[in-house]
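Q: Shown below is the structure under consideration.
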Amino acid sequence: MFAVTSIPSDPRWSYDDPSGLPEEVPVTVRLPERLLAAVQAVSSRAGTTPSAWVLDLIARSVEP
């Protein structure tokens, strides 16, 4: 099971899990405008939202 923690030195990441359950946790990522525009363009071509596209990218990167 993965444990997600905040990275206090990096304000672009925040972690909030009031339930204490590790299954689904909200994570906020703030991207630089240039990177956000690229993610929006790629996710649009893939027919999905930027959030779903990033989640899929992360899942494919960490799952065997």
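By convention in this document, the chains of the structure tokens carry letters A, B, ... by their order, each chain's residues are numbered from 1, and ligands are numbered from 1 in the order they are shown.
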Near Leu36 in chain A, counting only C-alpha atoms, which residues have an atom at most 12 Å away, once you skip same-chain residues fewer than 4 positions from it, shown as a ChimeraX atom specification?
A: /A:29-32,40-44,49-51,53-54
Q: Can those selected residues be exported to a file as a PDB file, in the first residue's frame so that it contains N, CA and C atoms?
A:
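And here's result.pdb as it stands now:
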```pdb
ATOM      1  N   VAL A  29      -1.992  19.515  -7.341  1.00  0.00           N
ATOM      2  CA  VAL A  29      -0.719  19.789  -8.001  1.00  0.00           C
ATOM      3  C   VAL A  29      -0.901  21.049  -8.824  1.00  0.00           C
ATOM      4  N   ARG A  30      -0.054  22.023  -8.583  1.00  0.00           N
ATOM      5  CA  ARG A  30      -0.086  23.256  -9.366  1.00  0.00           C
ATOM      6  C   ARG A  30       1.056  23.202 -10.367  1.00  0.00           C
ATOM      7  N   LEU A  31       0.687  23.280 -11.632  1.00  0.00           N
ATOM      8  CA  LEU A  31       1.682  23.203 -12.699  1.00  0.00           C
ATOM      9  C   LEU A  31       2.011  24.592 -13.220  1.00  0.00           C
ATOM     10  N   PRO A  32       3.246  24.783 -13.648  1.00  0.00           N
ATOM     11  CA  PRO A  32       3.572  26.043 -14.329  1.00  0.00           C
ATOM     12  C   PRO A  32       2.688  26.178 -15.575  1.00  0.00           C
ATOM     13  N   GLN A  40      -2.973  20.062 -20.888  1.00  0.00           N
ATOM     14  CA  GLN A  40      -4.333  20.275 -21.391  1.00  0.00           C
ATOM     15  C   GLN A  40      -4.449  19.878 -22.861  1.00  0.00           C
ATOM     16  N   ALA A  41      -3.456  20.207 -23.651  1.00  0.00           N
ATOM     17  CA  ALA A  41      -3.494  19.863 -25.079  1.00  0.00           C
ATOM     18  C   ALA A  41      -3.431  18.357 -25.293  1.00  0.00           C
ATOM     19  N   VAL A  42      -2.519  17.694 -24.585  1.00  0.00           N
ATOM     20  CA  VAL A  42      -2.370  16.242 -24.743  1.00  0.00           C
ATOM     21  C   VAL A  42      -3.613  15.513 -24.242  1.00  0.00           C
ATOM     22  N   SER A  43      -4.144  15.937 -23.108  1.00  0.00           N
ATOM     23  CA  SER A  43      -5.326  15.258 -22.568  1.00  0.00           C
ATOM     24  C   SER A  43      -6.542  15.486 -23.462  1.00  0.00           C
ATOM     25  N   SER A  44      -6.618  16.662 -24.067  1.00  0.00           N
ATOM     26  CA  SER A  44      -7.716  16.938 -24.988  1.00  0.00           C
ATOM     27  C   SER A  44      -7.656  16.015 -26.198  1.00  0.00           C
ATOM     28  N   THR A  49      -9.858  14.434 -19.370  1.00  0.00           N
ATOM     29  CA  THR A  49      -9.533  15.643 -18.635  1.00  0.00           C
ATOM     30  C   THR A  49      -8.056  15.640 -18.265  1.00  0.00           C
ATOM     31  N   PRO A  50      -7.494  16.804 -17.983  1.00  0.00           N
ATOM     32  CA  PRO A  50      -6.096  16.833 -17.543  1.00  0.00           C
ATOM     33  C   PRO A  50      -5.866  15.986 -16.285  1.00  0.00           C
ATOM     34  N   SER A  51      -6.780  16.037 -15.338  1.00  0.00           N
ATOM     35  CA  SER A  51      -6.632  15.250 -14.106  1.00  0.00           C
ATOM     36  C   SER A  51      -6.621  13.752 -14.398  1.00  0.00           C
ATOM     37  N   TRP A  53      -5.878  12.321 -17.216  1.00  0.00           N
ATOM     38  CA  TRP A  53      -4.687  12.005 -18.001  1.00  0.00           C
ATOM     39  C   TRP A  53      -3.469  11.858 -17.100  1.00  0.00           C
ATOM     40  N   VAL A  54      -3.294  12.791 -16.163  1.00  0.00           N
ATOM     41  CA  VAL A  54      -2.161  12.724 -15.236  1.00  0.00           C
ATOM     42  C   VAL A  54      -2.283  11.485 -14.358  1.00  0.00           C
TER      43      VAL A  54
END
```
Q: One number please: CA of Ile58 in chain A to CA of Leu35 in chain A, in Å, one decimal.
A: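 Distance reported for this atom pair: 15.9 Å.
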Q: So the first atom is CA of Thr28 in chain A and the second is CA of Ser61 in chain A; what is the distance between them in Å, to one decimal place?
A: 18.8 Å
Q: Suppose you want the space between CA of Ala38 in chain A and CA of Ala52 in chain A; what is it in Å?
A: 14.4 Å
